[in-house]
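Undergrad: Coordinates in model-v1.txt, compact mmCIF, C-alpha atoms, are listed below.
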```
# COMPACT_ATOMS: atom_id res chain seq x y z
CA MET A 1 0.00 0.00 0.00
CA MET A 2 2.70 2.47 1.01
CA GLU A 3 4.53 1.72 -2.20
CA ILE A 4 1.51 2.47 -4.37
CA ILE A 5 0.92 5.78 -2.59
CA ARG A 6 4.55 6.69 -3.00
CA MET A 7 4.42 5.89 -6.72
CA VAL A 8 1.34 8.06 -7.21
CA VAL A 9 2.79 10.95 -5.24
CA VAL A 10 6.19 10.93 -6.96
CA LEU A 11 4.78 10.58 -10.45
CA SER A 12 2.17 13.31 -9.84
CA ALA A 13 4.83 15.60 -8.43
CA ILE A 14 7.14 15.10 -11.41
CA THR A 15 4.46 15.56 -14.07
CA GLY A 16 2.83 18.45 -12.18
CA LEU A 17 6.13 20.26 -11.83
CA SER A 18 7.02 19.77 -15.49
CA GLY A 19 3.58 21.01 -16.51
CA PHE A 20 4.10 24.10 -14.40
CA VAL A 21 7.55 24.81 -15.88
CA LEU A 22 6.35 24.22 -19.44
CA SER A 23 3.34 26.49 -19.12
CA GLY A 24 5.61 29.24 -17.81
CA LEU A 25 7.94 28.74 -20.75
CA LYS A 26 5.00 28.78 -23.16
CA VAL A 27 3.76 32.12 -21.82
CA TRP A 28 7.24 33.56 -22.26
CA THR A 29 8.01 32.21 -25.75
CA ASN A 30 4.56 32.47 -27.33
CA PRO A 31 4.80 36.08 -28.57
CA ILE A 32 8.33 35.47 -29.87
CA ILE A 33 7.23 32.32 -31.71
CA GLU A 34 4.28 34.16 -33.28
CA GLU A 35 6.63 36.83 -34.56
CA GLN A 36 9.04 34.19 -35.91
CA VAL A 37 6.27 32.29 -37.70
CA LEU A 38 5.02 35.49 -39.31
CA MET A 39 8.53 36.41 -40.39
CA ASN A 40 9.39 33.00 -41.81
CA VAL A 41 6.07 31.86 -43.25
CA GLN A 42 4.30 35.06 -44.24
CA GLY A 43 7.43 37.21 -44.59
CA PRO A 44 8.64 35.88 -47.97
CA ALA A 45 5.09 35.91 -49.35
CA LEU A 46 4.64 39.51 -48.23
CA LYS A 47 7.89 40.50 -49.91
CA GLN A 48 6.63 39.02 -53.16
CA LEU A 49 3.37 40.94 -52.93
CA PHE A 50 4.56 44.34 -51.73
CA ILE A 51 7.37 45.04 -54.14
CA ASP A 52 7.80 48.77 -53.62
CA SER A 53 6.65 49.31 -50.04
CA THR A 54 8.97 51.23 -47.72
CA ASN A 55 7.75 49.87 -44.38
CA ASP A 56 7.95 46.55 -42.54
CA PRO A 57 4.49 45.00 -43.03
CA ILE A 58 5.01 42.54 -40.16
CA ALA A 59 5.93 45.21 -37.63
CA ASP A 60 3.04 47.43 -38.77
CA ARG A 61 0.43 44.66 -38.78
CA LYS A 62 -2.91 45.19 -37.03
CA THR A 63 -5.40 42.69 -35.74
CA LEU A 64 -8.95 43.50 -36.83
CA PRO A 65 -12.24 41.80 -35.94
CA LYS A 66 -13.20 39.19 -38.53
CA PRO A 67 -16.35 40.27 -40.39
CA GLY A 68 -19.22 37.84 -40.12
CA SER A 69 -17.89 35.87 -37.16
CA GLU A 70 -18.17 37.24 -33.66
CA GLY A 71 -15.08 37.22 -31.45
CA GLU A 72 -12.58 36.08 -34.11
CA THR A 73 -9.83 38.24 -35.55
CA ILE A 74 -7.71 38.46 -38.67
CA ILE A 75 -4.27 39.95 -39.12
CA VAL A 76 -3.98 42.67 -41.74
CA PHE A 77 -0.56 43.60 -43.17
CA PRO A 78 -0.22 47.09 -44.66
CA ALA A 79 2.14 48.27 -47.39
CA LEU A 80 3.04 51.92 -46.96
CA LYS A 81 4.96 54.08 -49.37
CA ASN A 82 6.35 57.27 -47.84
CA GLY A 83 3.79 56.97 -45.05
CA LYS A 84 0.78 56.56 -47.36
CA LEU A 85 -1.18 53.29 -47.44
CA GLN A 86 -0.76 51.58 -50.81
CA ALA A 87 -2.03 48.09 -50.26
CA VAL A 88 -3.04 45.59 -47.58
CA ALA A 89 -2.75 41.83 -47.39
CA MET A 90 -4.59 39.25 -45.34
CA GLU A 91 -4.37 35.51 -45.09
CA ALA A 92 -7.38 33.33 -45.83
CA SER A 93 -7.74 29.61 -46.30
CA GLY A 94 -9.74 27.25 -48.47
CA LYS A 95 -10.18 23.48 -48.55
CA GLY A 96 -7.74 21.92 -51.00
CA TYR A 97 -7.13 18.28 -51.85
CA GLY A 98 -4.80 17.44 -48.96
CA GLY A 99 -5.94 19.99 -46.38
CA ASP A 100 -6.19 23.72 -45.94
CA VAL A 101 -4.61 25.95 -48.56
CA ASN A 102 -3.50 29.20 -46.93
CA VAL A 103 -3.25 32.13 -49.29
CA LEU A 104 -2.01 35.61 -48.58
CA VAL A 105 -4.21 37.93 -50.65
CA GLY A 106 -3.08 41.49 -51.42
CA PHE A 107 -5.50 44.32 -52.22
CA ASP A 108 -4.59 47.62 -53.84
CA VAL A 109 -6.44 50.18 -51.71
CA THR A 110 -6.29 52.96 -54.30
CA LYS A 111 -8.03 50.94 -57.02
CA ASP A 112 -9.82 48.39 -54.82
CA ASN A 113 -8.57 45.53 -56.96
CA LEU A 114 -6.36 42.52 -56.30
CA LEU A 115 -2.66 43.26 -56.00
CA GLY A 116 -1.82 39.58 -56.25
CA ILE A 117 -1.86 36.37 -54.24
CA SER A 118 0.82 34.22 -52.71
CA VAL A 119 0.36 30.72 -51.28
CA THR A 120 1.93 30.48 -47.81
CA THR A 121 1.28 26.95 -46.57
CA HIS A 122 -0.48 23.99 -48.16
CA LYS A 123 -0.53 20.19 -48.07
CA GLU A 124 -1.24 19.57 -51.77
CA THR A 125 0.42 16.81 -53.81
CA PRO A 126 3.98 17.82 -54.71
CA GLY A 127 4.37 18.51 -58.41
CA LEU A 128 0.63 18.50 -59.03
CA GLY A 129 -1.49 20.47 -56.57
CA SER A 130 1.59 22.31 -55.38
CA ARG A 131 1.68 24.07 -58.76
CA ILE A 132 -0.86 26.56 -57.39
CA GLN A 133 2.21 28.27 -55.89
CA GLU A 134 3.72 28.96 -59.29
CA PRO A 135 3.49 32.39 -60.92
CA ALA A 136 1.77 30.87 -63.97
CA TYR A 137 -1.26 30.34 -61.77
CA THR A 138 -0.98 33.14 -59.22
CA LYS A 139 -0.34 35.94 -61.71
CA GLN A 140 -3.83 35.48 -63.13
CA PHE A 141 -5.27 37.13 -60.04
CA LYS A 142 -3.32 40.36 -60.49
CA GLY A 143 -5.53 43.39 -61.12
CA LYS A 144 -8.78 41.42 -60.93
CA ASP A 145 -11.93 42.80 -59.35
CA PRO A 146 -12.06 40.93 -56.01
CA ALA A 147 -15.83 40.44 -56.23
CA LYS A 148 -15.60 38.64 -59.57
CA VAL A 149 -12.84 36.09 -58.88
CA ALA A 150 -13.95 32.63 -60.05
CA LEU A 151 -12.59 29.66 -61.96
CA LYS A 152 -13.53 29.33 -65.62
CA LYS A 153 -15.83 26.41 -64.92
CA ASP A 154 -17.76 28.64 -62.51
CA GLY A 155 -18.12 31.40 -65.08
CA GLY A 156 -15.02 33.39 -64.13
CA ASP A 157 -11.76 33.81 -65.99
CA ILE A 158 -9.17 32.05 -63.83
CA ASP A 159 -7.59 29.01 -65.48
CA ALA A 160 -7.42 26.13 -63.00
CA VAL A 161 -4.15 24.18 -62.80
CA SER A 162 -4.80 21.13 -64.97
CA GLY A 163 -5.03 17.96 -62.89
CA ALA A 164 -5.36 19.96 -59.68
CA THR A 165 -8.97 21.08 -59.65
CA PHE A 166 -9.37 20.74 -55.90
CA SER A 167 -6.24 22.75 -55.18
CA SER A 168 -7.40 25.44 -57.60
CA ILE A 169 -10.85 25.56 -56.01
CA GLY A 170 -9.29 25.75 -52.54
CA SER A 171 -7.04 28.66 -53.44
CA THR A 172 -9.82 30.51 -55.26
CA ASP A 173 -12.12 30.01 -52.27
CA ALA A 174 -9.46 31.53 -50.05
CA VAL A 175 -9.25 34.56 -52.34
CA LYS A 176 -13.05 34.91 -52.32
CA GLN A 177 -13.06 34.72 -48.52
CA ALA A 178 -10.40 37.42 -48.25
CA ALA A 179 -12.30 39.52 -50.80
CA GLY A 180 -15.40 39.33 -48.60
CA TRP A 181 -13.40 40.47 -45.57
CA TYR A 182 -11.79 43.28 -47.54
CA ALA A 183 -15.17 44.55 -48.80
CA ALA A 184 -16.45 44.65 -45.21
CA LEU A 185 -13.31 46.15 -43.68
CA LYS A 186 -12.40 48.55 -46.49
CA ASP A 187 -13.36 51.71 -44.63
CA THR A 188 -11.82 50.62 -41.35
CA ILE A 189 -8.58 49.75 -43.15
CA LYS A 190 -8.37 53.09 -44.92
CA THR A 191 -8.72 55.00 -41.66
CA THR A 192 -6.41 52.70 -39.65
CA TRP A 193 -3.17 53.58 -41.47
CA GLN A 194 -3.37 57.20 -42.53
CA MET B 1 38.18 14.93 -10.46
CA ALA B 2 39.87 12.12 -12.32
CA SER B 3 36.64 10.14 -12.52
CA LEU B 4 34.81 13.28 -13.65
CA MET B 5 37.20 13.60 -16.57
CA LYS B 6 36.85 9.89 -17.29
CA GLU B 7 33.06 10.06 -17.43
CA PHE B 8 33.24 13.12 -19.66
CA THR B 9 35.78 11.79 -22.14
CA LYS B 10 34.34 8.30 -22.53
CA GLY B 11 31.46 9.76 -24.59
CA LEU B 12 33.93 11.44 -26.93
CA TRP B 13 35.71 8.31 -28.14
CA LYS B 14 35.52 5.12 -26.12
CA GLU B 15 31.72 5.02 -26.02
CA LEU B 16 30.93 7.44 -28.85
CA PRO B 17 27.15 7.01 -29.07
CA PRO B 18 26.32 6.61 -32.79
CA PHE B 19 29.56 4.97 -33.93
CA ARG B 20 30.55 2.85 -30.91
CA LEU B 21 27.36 2.15 -29.01
CA VAL B 22 25.39 2.41 -32.28
CA LEU B 23 22.69 4.29 -30.39
CA GLY B 24 20.43 7.08 -31.64
CA LEU B 25 20.71 6.14 -35.28
CA CYS B 26 17.33 7.55 -36.30
CA PRO B 27 18.39 11.23 -36.13
CA THR B 28 21.95 10.27 -37.12
CA LEU B 29 20.71 9.02 -40.47
CA ALA B 30 17.82 11.38 -40.97
CA VAL B 31 19.04 14.90 -40.28
CA THR B 32 22.67 14.76 -41.36
CA ASN B 33 22.19 15.89 -44.95
CA THR B 34 24.08 19.07 -44.05
CA ALA B 35 26.72 19.71 -41.39
CA ASN B 36 24.62 22.55 -40.01
CA ASN B 37 21.59 20.34 -39.38
CA GLY B 38 23.77 17.78 -37.63
CA LEU B 39 25.21 20.47 -35.39
CA GLY B 40 21.76 21.89 -34.57
CA MET B 41 20.33 18.48 -33.76
CA GLY B 42 23.37 17.70 -31.64
CA ALA B 43 23.01 20.95 -29.70
CA ALA B 44 19.38 20.10 -28.91
CA VAL B 45 20.44 16.64 -27.74
CA ILE B 46 23.27 18.04 -25.56
CA PHE B 47 20.78 20.31 -23.82
CA VAL B 48 18.22 17.57 -23.20
CA LEU B 49 20.76 14.89 -22.28
CA ALA B 50 22.79 16.98 -19.82
CA LEU B 51 19.72 18.38 -18.07
CA SER B 52 17.81 15.10 -17.97
CA ASN B 53 20.88 13.35 -16.55
CA VAL B 54 21.26 15.95 -13.79
CA ILE B 55 17.56 16.01 -12.90
CA ILE B 56 17.22 12.23 -12.91
CA SER B 57 20.34 11.90 -10.83
CA LEU B 58 18.96 14.44 -8.31
CA VAL B 59 15.68 12.58 -7.87
CA ARG B 60 17.11 9.06 -8.29
CA ASN B 61 16.60 8.18 -4.65
CA ILE B 62 12.93 9.18 -4.45
CA ILE B 63 11.82 7.55 -7.70
CA PRO B 64 10.15 4.19 -6.99
CA LYS B 65 11.84 1.39 -8.95
CA LYS B 66 8.61 0.23 -10.57
CA VAL B 67 7.74 3.52 -12.28
CA ARG B 68 11.25 4.72 -13.02
CA ILE B 69 10.92 4.49 -16.82
CA VAL B 70 7.75 6.60 -16.75
CA CYS B 71 9.52 9.18 -14.60
CA PHE B 72 12.55 9.27 -16.92
CA ILE B 73 10.35 9.70 -19.99
CA ALA B 74 8.26 12.42 -18.30
CA ILE B 75 11.41 14.38 -17.46
CA ALA B 76 12.94 13.89 -20.92
CA ALA B 77 9.66 14.79 -22.66
CA SER B 78 9.32 18.03 -20.69
CA LEU B 79 12.86 19.02 -21.62
CA VAL B 80 12.24 18.21 -25.27
CA VAL B 81 9.09 20.34 -25.38
CA ALA B 82 11.12 23.13 -23.79
CA VAL B 83 13.81 22.75 -26.47
CA GLU B 84 11.16 22.75 -29.16
CA MET B 85 9.68 26.01 -27.93
CA LEU B 86 13.07 27.67 -27.50
CA MET B 87 14.12 26.53 -30.96
CA GLN B 88 10.93 27.89 -32.51
CA ALA B 89 11.47 31.19 -30.76
CA PHE B 90 15.18 31.68 -31.43
CA ALA B 91 16.17 29.42 -34.34
CA TYR B 92 13.06 29.08 -36.48
CA PRO B 93 14.79 28.11 -39.77
CA LEU B 94 16.62 25.29 -37.97
CA TYR B 95 13.36 24.17 -36.39
CA GLU B 96 11.77 24.00 -39.84
CA GLN B 97 14.71 21.95 -41.15
CA LEU B 98 14.73 19.43 -38.29
CA GLY B 99 10.93 19.20 -38.24
CA ILE B 100 9.62 16.00 -36.66
CA PHE B 101 13.05 14.94 -35.37
CA VAL B 102 13.02 17.48 -32.55
CA PRO B 103 9.98 15.99 -30.76
CA LEU B 104 11.44 12.55 -31.49
CA ILE B 105 14.42 13.29 -29.20
CA VAL B 106 12.10 12.01 -26.43
CA VAL B 107 12.39 8.48 -27.72
CA ASN B 108 16.05 8.80 -28.67
CA CYS B 109 17.60 5.78 -27.01
CA ILE B 110 20.65 7.76 -25.89
CA ILE B 111 18.50 9.80 -23.49
CA LEU B 112 16.78 6.83 -21.88
CA GLY B 113 19.93 4.72 -22.12
CA ARG B 114 22.06 7.20 -20.19
CA ALA B 115 19.25 7.79 -17.67
CA GLU B 116 18.86 4.10 -16.96
CA ALA B 117 22.49 3.04 -17.21
CA PHE B 118 24.21 6.01 -15.62
CA ALA B 119 22.18 8.85 -14.11
CA ALA B 120 19.98 6.55 -12.02
CA LYS B 121 23.05 5.17 -10.24
CA ASN B 122 25.46 8.11 -9.97
CA PRO B 123 25.59 11.54 -8.28
CA PRO B 124 24.56 14.68 -10.22
CA LEU B 125 28.03 16.00 -11.03
CA LEU B 126 29.19 12.73 -12.57
CA SER B 127 25.89 12.46 -14.44
CA LEU B 128 26.34 15.96 -15.82
CA ALA B 129 29.81 15.04 -17.05
CA ASP B 130 28.44 11.85 -18.60
CA GLY B 131 25.55 13.69 -20.28
CA LEU B 132 27.77 16.46 -21.61
CA GLY B 133 30.36 14.01 -22.89
CA MET B 134 27.82 11.77 -24.58
CA GLY B 135 26.00 14.79 -26.00
CA ILE B 136 29.17 16.35 -27.37
CA GLY B 137 30.24 13.00 -28.80
CA PHE B 138 26.84 12.67 -30.48
CA THR B 139 27.09 16.22 -31.85
CA LEU B 140 30.60 15.67 -33.19
CA SER B 141 29.53 12.43 -34.87
CA LEU B 142 26.49 14.05 -36.46
CA THR B 143 28.47 17.06 -37.62
CA PHE B 144 31.19 14.79 -39.01
CA LEU B 145 28.68 12.65 -40.91
CA GLY B 146 26.82 15.76 -42.05
CA ALA B 147 30.05 17.37 -43.24
CA ILE B 148 30.97 14.32 -45.32
CA ARG B 149 27.52 14.04 -46.84
CA GLU B 150 27.19 17.75 -47.49
CA SER B 151 30.61 18.18 -49.06
CA PHE B 152 30.11 15.28 -51.48
CA GLY B 153 26.38 15.65 -51.95
CA ALA B 154 26.11 19.38 -52.38
CA GLY B 155 29.72 20.56 -52.78
CA THR B 156 29.40 22.85 -49.74
CA LEU B 157 30.43 22.81 -46.08
CA PHE B 158 28.28 24.78 -43.60
CA GLY B 159 26.81 26.43 -46.72
CA VAL B 160 30.20 27.57 -48.05
CA SER B 161 31.10 26.31 -51.52
CA LEU B 162 34.08 23.94 -51.41
CA PHE B 163 35.00 22.85 -54.91
CA GLY B 164 33.93 25.77 -57.08
CA PRO B 165 31.13 26.00 -59.63
CA ASP B 166 32.39 23.15 -61.86
CA PHE B 167 31.75 20.50 -59.21
CA GLU B 168 29.00 18.04 -60.09
CA PRO B 169 27.45 17.00 -56.72
CA PHE B 170 26.68 13.36 -55.92
CA THR B 171 23.03 13.94 -55.04
CA PHE B 172 22.98 10.33 -53.81
CA MET B 173 24.95 11.34 -50.73
CA VAL B 174 22.36 13.78 -49.33
CA GLN B 175 19.54 11.30 -49.84
CA ALA B 176 18.61 8.50 -47.44
CA PRO B 177 20.72 5.69 -49.02
CA GLY B 178 23.79 7.93 -48.87
CA ALA B 179 23.34 8.15 -45.10
CA PHE B 180 23.42 4.36 -44.74
CA VAL B 181 26.43 3.98 -46.99
CA CYS B 182 28.33 6.74 -45.16
CA LEU B 183 27.48 5.33 -41.75
CA GLY B 184 28.54 1.85 -42.83
CA LEU B 185 31.88 3.12 -44.10
CA ILE B 186 32.48 5.09 -40.90
CA LEU B 187 31.67 2.04 -38.73
CA ALA B 188 33.99 -0.09 -40.83
CA GLY B 189 36.69 2.54 -40.47
CA MET B 190 36.23 2.65 -36.69
CA ASN B 191 36.53 -1.13 -36.44
CA TYR B 192 39.61 -1.18 -38.65
CA LEU B 193 41.19 1.51 -36.51
CA ASN B 194 40.50 -0.49 -33.35
CA ILE B 195 41.98 -3.69 -34.74
CA TRP B 196 45.03 -1.83 -36.02
CA GLN B 197 45.54 -0.12 -32.65
CA ALA B 198 45.19 -3.40 -30.75
CA LYS B 199 47.68 -5.10 -33.06
CA ARG B 200 50.20 -2.31 -32.71
CA LYS B 201 50.05 -2.52 -28.94
CA GLY B 202 50.25 -6.29 -29.23
CA ILE B 203 47.17 -6.94 -27.09
CA GLU B 204 44.29 -9.27 -27.65
CA LEU B 205 41.19 -7.41 -28.88
CA ASP B 206 38.49 -7.24 -26.20
CA PRO B 207 35.34 -8.68 -27.79
CA ASN B 208 33.24 -6.27 -25.71
CA PHE B 209 35.26 -3.21 -26.65
CA ASP B 210 32.32 -1.37 -28.15
CA ALA B 211 29.53 -2.65 -25.93
CA GLY B 212 29.56 0.29 -23.54
CA CYS B 213 30.26 -1.94 -20.55
CA SER B 214 31.47 0.77 -18.21
CA GLY B 215 28.05 2.31 -17.73
CA CYS B 216 25.80 -0.71 -17.85
CA GLY B 217 27.13 -3.65 -15.85
CA ALA B 218 24.02 -5.68 -16.63
CA CYS B 219 25.96 -8.84 -17.43
CA LYS B 220 27.94 -8.60 -14.17
CA ALA B 221 24.67 -8.31 -12.26
CA MET B 222 23.35 -11.33 -14.12
CA ASP B 223 26.43 -13.35 -13.16
CA LYS B 224 25.98 -12.35 -9.54
CA LEU B 225 22.32 -13.33 -9.64
CA ALA B 226 23.12 -16.68 -11.21
CA ALA B 227 25.76 -17.38 -8.54
CA GLN B 228 23.29 -16.52 -5.81
CA LYS B 229 20.63 -18.81 -7.28
CA LYS B 230 23.19 -21.62 -7.50
CA LEU B 231 24.13 -21.09 -3.85
CA GLU B 232 20.47 -21.22 -2.81
CA ARG B 233 19.98 -24.48 -4.62
CA LEU B 234 23.07 -26.00 -2.96
CA GLN B 235 21.87 -25.12 0.51
CA PRO B 236 19.59 -27.74 2.03
CA ALA B 237 15.97 -26.69 2.26
CA LYS B 238 14.85 -25.68 5.73
CA GLY B 239 12.41 -27.80 7.61
```
So that I can check it, write out the structure of this file as structure tokens.
TA:
Amino acid sequence: MMEIIRMVVVLSAITGLSGFVLSGLKVWTNPIIEEQVLMNVQGPALKQLFIDSTNDPIADRKTLPKPGSEGETIIVFPALKNGKLQAVAMEASGKGYGGDVNVLVGFDVTKDNLLGISVTTHKETPGLGSRIQEPAYTKQFKGKDPAKVALKKDGGDIDAVSGATFSSIGSTDAVKQAAGWYAALKDTIKTTWQ
Amino acid sequence: MASLMKEFTKGLWKELPPFRLVLGLCPTLAVTNTANNGLGMGAAVIFVLALSNVIISLVRNIIPKKVRIVCFIAIAASLVVAVEMLMQAFAYPLYEQLGIFVPLIVVNCIILGRAEAFAAKNPPLLSLADGLGMGIGFTLSLTFLGAIRESFGAGTLFGVSLFGPDFEPFTFMVQAPGAFVCLGLILAGMNYLNIWQAKRKGIELDPNFDAGCSGCGACKAMDKLAAQKKLERLQPAKG
């Protein structure tokens, strides 16, 4: 009996103590990790989108309430040129073939059209679905009216990647989602970075 | 002090984990496609191994024998999660490169092996020396293997070009089969070196030379147990 109690006490003490230490470490490292993830995952995509911005979009990012869903937020990255807001980007996701396709969608705030898109993370088949990352596909979105983005089979004018219909649908859905958010947040965005 | 040095240096050559004890081969084969990855993985293992050895050695007298493995794993797992978070925060590109192999340090047999064979029986300072030595030996081995594979497979060392632009890299070396071939050649080289050394000194080669006997002692304990059993059988039964 004594032995069993001792086992329970020692094991609980060890696991409890490690849980305590780890949660402390988590609280400390969480903001740093978030920053690192943004810099390493979204950073390169942002650089592709905002070619001539003069600011650091990650440092200037703002968290805005997500339109249509209470309590959730989205991160909006601005591109400023000499202090004036040129474009914004936000990340949206759509269902692809292998999982979520996350797309960073840029909007030109002066013309209200799409600045371009850049796929950040995805789990599509390498060499097939993964071709949605290539410029041949992504450049089609440049300059489009965000409200009218659709694949050709749905009456739009975006060519799907052949053999990767699901991946194309997923990425287009993500763009549509971001377009919806942008339409709802347009005025807030324009007054946030003046 | 002398024994401290002995425990520290045995991990560097005499009981070099991947090449002598042939322990921890999963990360040894998987992450050594560049010297840098090997070094990063090794650093993570040094941290976990040294700390887990010290902690286990500190609590070795209060851990009940029956649940000792669970306790060792709990301590090692906590340290690994800590390493994972620190790596994500301060060395994100390395974390992306090593991927799944960082959480897998938990089940790396070097960690549990040193905990069971050494830290659970020795005081903290000696355990620290053992952990550091084994960890550094592991890191050196991984970096060495990574350097060989990277220089042949990509023509670079730590990302610096070695042979100029005309070099046609053996892509084979940075892929999985290259790891096996390299490891095999290194093990063969180690064995050859041992035999040559033994011959030069004119001594008979110890068949257990690479079995890591100093830390384990399991076979000695078995002998003792067998002798005891024999003695019991020889004694006349009471009553």
Undergrad: Taking only residues of chain A that have an atom at most 12 Å from an atom of chain B, what is each one's shortest atom pair and its distance in Å to one decimal, using all atoms listed in the file, in chain and number order, as a tab-separated table?
TA:
```
residue	atom	partner	partner_atom	distance
A:Met2	CA	B:Pro64	CA	11.1
A:Glu3	CA	B:Pro64	CA	7.8
A:Ile4	CA	B:Pro64	CA	9.2
A:Ile5	CA	B:Pro64	CA	10.3
A:Arg6	CA	B:Pro64	CA	7.3
A:Met7	CA	B:Pro64	CA	6.0
A:Val8	CA	B:Val67	CA	9.3
A:Val9	CA	B:Ile63	CA	10.0
A:Val10	CA	B:Ile63	CA	6.6
A:Leu11	CA	B:Cys71	CA	6.5
A:Ser12	CA	B:Cys71	CA	9.7
A:Ala13	CA	B:Cys71	CA	10.1
A:Ile14	CA	B:Cys71	CA	7.1
A:Thr15	CA	B:Ala74	CA	6.5
A:Gly16	CA	B:Ala74	CA	10.2
A:Leu17	CA	B:Ser78	CA	9.7
A:Ser18	CA	B:Ser78	CA	5.9
A:Gly19	CA	B:Ser78	CA	7.7
A:Phe20	CA	B:Ser78	CA	10.2
A:Val21	CA	B:Ser78	CA	8.5
A:Leu22	CA	B:Ala82	CA	6.5
A:Ser23	CA	B:Ala82	CA	9.7
A:Gly24	CA	B:Ala82	CA	10.2
A:Leu25	CA	B:Ala82	CA	7.1
A:Lys26	CA	B:Met85	CA	7.2
A:Val27	CA	B:Met85	CA	10.5
A:Trp28	CA	B:Met85	CA	9.8
A:Thr29	CA	B:Ala89	CA	6.2
A:Asn30	CA	B:Ala89	CA	7.8
A:Pro31	CA	B:Ala89	CA	8.6
A:Ile32	CA	B:Ala89	CA	5.4
A:Ile33	CA	B:Ala89	CA	4.5
A:Glu34	CA	B:Ala89	CA	8.2
A:Glu35	CA	B:Ala89	CA	8.3
A:Gln36	CA	B:Ala89	CA	6.4
A:Val37	CA	B:Tyr92	CA	7.6
A:Leu38	CA	B:Tyr92	CA	10.7
A:Met39	CA	B:Tyr92	CA	9.5
A:Asn40	CA	B:Pro93	CA	7.6
A:Val41	CA	B:Pro93	CA	10.1
```
Undergrad: Counting only C-alpha atoms, which residues come within 10 Å of (8.8, 52.2, -46.7), with the point read in the file's coordinates, and could you list them as number ranges by chain?
TA: A: 52-57, 79-84
Undergrad: Enter the distance from CA of Lys153 in chain A to CA of Tyr97 in chain A, in Å, rounded to one decimal.
TA: 17.7 Å
Undergrad: Find the residues with any atom within 12 Å of (30.8, 25.8, -44.9); use only C-alpha atoms and the coordinates as given in the file, and write the answer as a list of chain:residue names.
TA: B:Thr34, B:Ala35, B:Asn36, B:Thr143, B:Gly146, B:Ala147, B:Ile148, B:Glu150, B:Ser151, B:Ala154, B:Gly155, B:Thr156, B:Leu157, B:Phe158, B:Gly159, B:Val160, B:Ser161, B:Leu162, B:Phe163
Undergrad: Do a neighbour search on Pro65 in chain A at 9 Å with all atoms listed in the file, toss out local chain neighbours closer than 3 positions, and write the hits as a ChimeraX atom specification.
TA: /A:69-75,185
Undergrad: Export, as a short mmCIF file (atom, residue, chain, number, x, y, z; two decimals), keeping the file's coordinate frame, the selected residues with C-alpha atoms.
TA:
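part_33.cif written:
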```cif
data_model
loop_
_atom_site.label_atom_id
_atom_site.label_comp_id
_atom_site.auth_asym_id
_atom_site.auth_seq_id
_atom_site.Cartn_x
_atom_site.Cartn_y
_atom_site.Cartn_z
CA SER A 69 -17.89 35.87 -37.16
CA GLU A 70 -18.17 37.24 -33.66
CA GLY A 71 -15.08 37.22 -31.45
CA GLU A 72 -12.58 36.08 -34.11
CA THR A 73 -9.83 38.24 -35.55
CA ILE A 74 -7.71 38.46 -38.67
CA ILE A 75 -4.27 39.95 -39.12
CA LEU A 185 -13.31 46.15 -43.68
#
```
Undergrad: Need the axis-aligned box for range 75-91 of chain A with 6 Å each side, so what are the centre and edges in Å to one decimal, as JSON?
TA:
```
{"center_x": 0.9, "center_y": 46.4, "center_z": -45.0, "size_x": 22.9, "size_y": 33.8, "size_z": 23.7}
```
Undergrad: Saving range 22-35 of chain A with C-alpha atoms, as a compact mmCIF listing (two decimals), in the first residue's frame, what would that file be?
TA:
```txt
# COMPACT_ATOMS: atom_id res chain seq x y z
CA LEU A 22 6.35 24.22 -19.44
CA SER A 23 3.34 26.49 -19.12
CA GLY A 24 5.61 29.24 -17.81
CA LEU A 25 7.94 28.74 -20.75
CA LYS A 26 5.00 28.78 -23.16
CA VAL A 27 3.76 32.12 -21.82
CA TRP A 28 7.24 33.56 -22.26
CA THR A 29 8.01 32.21 -25.75
CA ASN A 30 4.56 32.47 -27.33
CA PRO A 31 4.80 36.08 -28.57
CA ILE A 32 8.33 35.47 -29.87
CA ILE A 33 7.23 32.32 -31.71
CA GLU A 34 4.28 34.16 -33.28
CA GLU A 35 6.63 36.83 -34.56
```
